[in-house]
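Visitor: Below is the structure I would like to discuss, written out as structure tokens.
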Amino acid sequence: VYHRAEALKDPVTGELLGYEAAYLGTAHVTQEGKPATLAITTIDHEIATGDRLLPAAGQASMSFVPHAPEGKLSGRVVKMHDTLEYAGKYNILAINLGSRAGIEPGHVLALYRSRDKARYDLDGKKEEFTLPEERIGLIFVFRVFERASYAIVMESSGVVKVTDSVRQP
């Protein structure tokens, strides 16, 4: 059982990356027909009128070898799973890099936070400097689609937010 799919868009370019449907739980058909009768067997979130049913997929084998991607990659955090604004260690997030960018399950990427400009007023001289990005953690990619991927935050020295950068560690 899934909640209606929402558009997943790149926060910088606005490009449509795909659609994300929220998993709610599982149900088993107890009586076939039109309409059929279902029994809800597991539930992660509230199931409501208008939610969708999809056939259950088989259990996928998840065996990954952590490794850094080859070549230069640069992307952004697009969305947090089950959080409103911020994520931290062991939270799931979506990034705007997928198979077309060379991402594959098992890739480890570094998280970077953009920082503001520093302004100094020294002896009447005003200067402004752009501070370099600050590395704040590592993510592990476990699910890849054409234009987007899902990763878990493995290390974090601060909160992760939408538009934070991801690239090679």
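Chain labels follow the order of the structure tokens: the first chain is A, the next B, and so on; residue numbering restarts at 1 in every chain, and ligands are counted from 1 in their shown order.
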From the DSSP assignment of the backbone, select every residue of region 104-167 of chain A that is strand (DSSP E or B), and format the answer as a PyMOL selection string.
Guide: chain A and resi 107-113+117-122+125-130+134-144+149-156+160-161+165-167
Visitor: Mind writing the picked residues with C-alpha atoms as a short mmCIF file (atom, residue, chain, number, x, y, z; two decimals), in the first residue's frame?
Guide:
data_model
loop_
_atom_site.label_atom_id
_atom_site.label_comp_id
_atom_site.auth_asym_id
_atom_site.auth_seq_id
_atom_site.Cartn_x
_atom_site.Cartn_y
_atom_site.Cartn_z
CA HIS A 107 28.84 4.29 -3.80
CA VAL A 108 30.04 6.36 -0.86
CA LEU A 109 29.78 10.13 -1.26
CA ALA A 110 30.85 13.03 0.95
CA LEU A 111 28.32 15.61 2.14
CA TYR A 112 29.24 19.29 2.03
CA ARG A 113 27.46 22.33 3.46
CA LYS A 117 30.07 34.98 2.93
CA ALA A 118 32.31 36.44 5.60
CA ARG A 119 32.36 40.22 5.85
CA TYR A 120 35.15 42.13 7.51
CA ASP A 121 35.42 45.82 8.28
CA LEU A 122 39.08 46.46 8.96
CA LYS A 125 37.96 48.81 4.48
CA LYS A 126 35.10 46.44 3.86
CA GLU A 127 35.98 43.07 2.42
CA GLU A 128 33.83 40.07 1.62
CA PHE A 129 35.03 36.49 1.26
CA THR A 130 33.17 33.41 0.12
CA GLU A 134 32.51 22.44 4.82
CA ARG A 135 32.52 18.63 4.79
CA ILE A 136 29.84 17.43 7.19
CA GLY A 137 29.55 13.70 6.57
CA LEU A 138 29.33 10.61 4.37
CA ILE A 139 26.40 8.92 2.65
CA PHE A 140 26.03 5.37 1.33
CA VAL A 141 23.93 4.91 -1.84
CA PHE A 142 21.66 1.85 -1.74
CA ARG A 143 18.95 2.44 -4.38
CA VAL A 144 19.53 3.98 -7.81
CA SER A 149 19.19 7.85 -5.85
CA TYR A 150 18.52 7.07 -2.21
CA ALA A 151 21.28 7.00 0.38
CA ILE A 152 21.69 6.63 4.12
CA VAL A 153 23.69 9.13 6.15
CA MET A 154 26.53 7.09 7.68
CA GLU A 155 28.49 9.92 9.30
CA SER A 156 27.37 13.42 10.15
CA VAL A 160 21.88 17.65 6.59
CA LYS A 161 19.48 19.84 4.62
CA SER A 165 26.27 19.14 -1.90
CA VAL A 166 27.42 15.56 -2.50
CA ARG A 167 30.59 14.45 -4.30
#
Visitor: Skip Ala101 (chain A) itself and residues of its chain fewer than 5 positions away, then list as a short mmCIF file (atom, residue, chain, number, x, y, z; two decimals) with C-alpha atoms, in the first residue's frame all residues within 9 Å of it, counting only C-alpha atoms.
Guide:
data_model
loop_
_atom_site.label_atom_id
_atom_site.label_comp_id
_atom_site.auth_asym_id
_atom_site.auth_seq_id
_atom_site.Cartn_x
_atom_site.Cartn_y
_atom_site.Cartn_z
CA LEU A 73 30.49 13.75 -9.58
CA GLU A 146 17.89 7.02 -13.74
CA ARG A 147 17.91 10.59 -12.36
#
Visitor: Go ahead and compute the interatomic distance for CA of Thr42 (chain A) and CA of Val29 (chain A), in Å to one decimal.
Guide: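 Distance between the two atoms: 13.2 Å.
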Visitor: Write out as a CSV table (one decimal) with N, CA and C atoms, in the first residue's frame each polymer residue whose atoms come within 9 Å of Pro11 (chain A), counting only C-alpha atoms; drop sequence neighbours fewer than 4 positions from it.
Guide:
chain,number,residue,atom,x,y,z
A,15,GLU,N,14.4,20.6,-12.3
A,15,GLU,CA,14.2,19.4,-13.2
A,15,GLU,C,13.4,18.3,-12.4
A,76,ARG,N,23.3,17.3,-5.5
A,76,ARG,CA,22.7,17.9,-4.3
A,76,ARG,C,21.7,17.0,-3.6
A,77,VAL,N,21.5,17.3,-2.3
A,77,VAL,CA,20.4,16.6,-1.6
A,77,VAL,C,19.1,17.2,-2.0
A,78,VAL,N,18.1,16.3,-2.4
A,78,VAL,CA,16.9,16.7,-2.9
A,78,VAL,C,15.7,16.7,-1.9
A,79,LYS,N,15.8,15.6,-1.1
A,79,LYS,CA,14.7,15.4,-0.1
A,79,LYS,C,15.1,14.5,1.0
A,96,ASN,N,20.1,14.1,-6.3
A,96,ASN,CA,19.8,14.3,-7.7
A,96,ASN,C,20.8,13.7,-8.7
A,162,VAL,N,18.3,20.0,2.6
A,162,VAL,CA,18.1,20.1,1.1
A,162,VAL,C,19.0,21.1,0.6
A,163,THR,N,19.6,20.8,-0.6
A,163,THR,CA,20.6,21.6,-1.3
A,163,THR,C,22.0,21.5,-0.8
Visitor: Take CA of Asn91 (chain A) and CA of Pro169 (chain A) and report the distance between them in Å, one decimal.
Guide: 18.8 Å
Visitor: What does the distance between CA of Glu20 (chain A) and CA of Leu93 (chain A) come to in Å, to one decimal place?
Guide: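 Atom-to-atom, CA of Glu20 (chain A) and CA of Leu93 (chain A) are spaced 12.0 Å apart.
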Visitor: Closest to Ala22 (chain A) among A:Lys9, A:Arg100, A:Arg4, A:His67, using only C-alpha atoms?
Guide: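 Among A:Lys9, A:Arg100, A:Arg4, A:His67, it is A:Arg4 that comes nearest to Ala22 (chain A).
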Visitor: Env of His45 (chain A): 10 Å cut, atoms = only C-alpha atoms, seq-sep filter 4 positions within chain, self excluded. Answer as an MDAnalysis selection string.
Guide: chainID A and resid 1:3 22:25
Visitor: Quick one: write out the picked residues with C-alpha atoms as a compact mmCIF listing (two decimals), in the first residue's frame?
Guide:
# COMPACT_ATOMS: atom_id res chain seq x y z
CA VAL A 1 0.00 0.00 0.00
CA TYR A 2 1.43 3.36 -1.08
CA HIS A 3 0.44 6.97 -0.64
CA ALA A 22 5.41 6.71 0.21
CA TYR A 23 5.26 3.10 1.42
CA LEU A 24 2.52 2.65 4.01
CA GLY A 25 2.29 -1.10 4.61
Visitor: Here is a test: counting only C-alpha atoms, which residue of A:Leu17, A:Glu133, A:Thr26, A:Ala87 is nearest to Arg52 (chain A)?
Guide: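 With only C-alpha atoms as the atom set, the closest residue is A:Thr26.
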Visitor: Out of A:Ser74, A:Ser157, A:Gln168, A:Thr13, which residue has the shortest atom-to-atom distance to Lys89 (chain A) when counting only C-alpha atoms?
Guide: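 Of all the options, A:Ser157 lies closest to Lys89 (chain A).
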Visitor: Just checking: using only C-alpha atoms, which residue out of A:Val159, A:Ser114, A:Ala148, A:Leu8 ends up closest to Tyr86 (chain A)?
Guide: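 Under the stated criterion, the closest residue is A:Val159.
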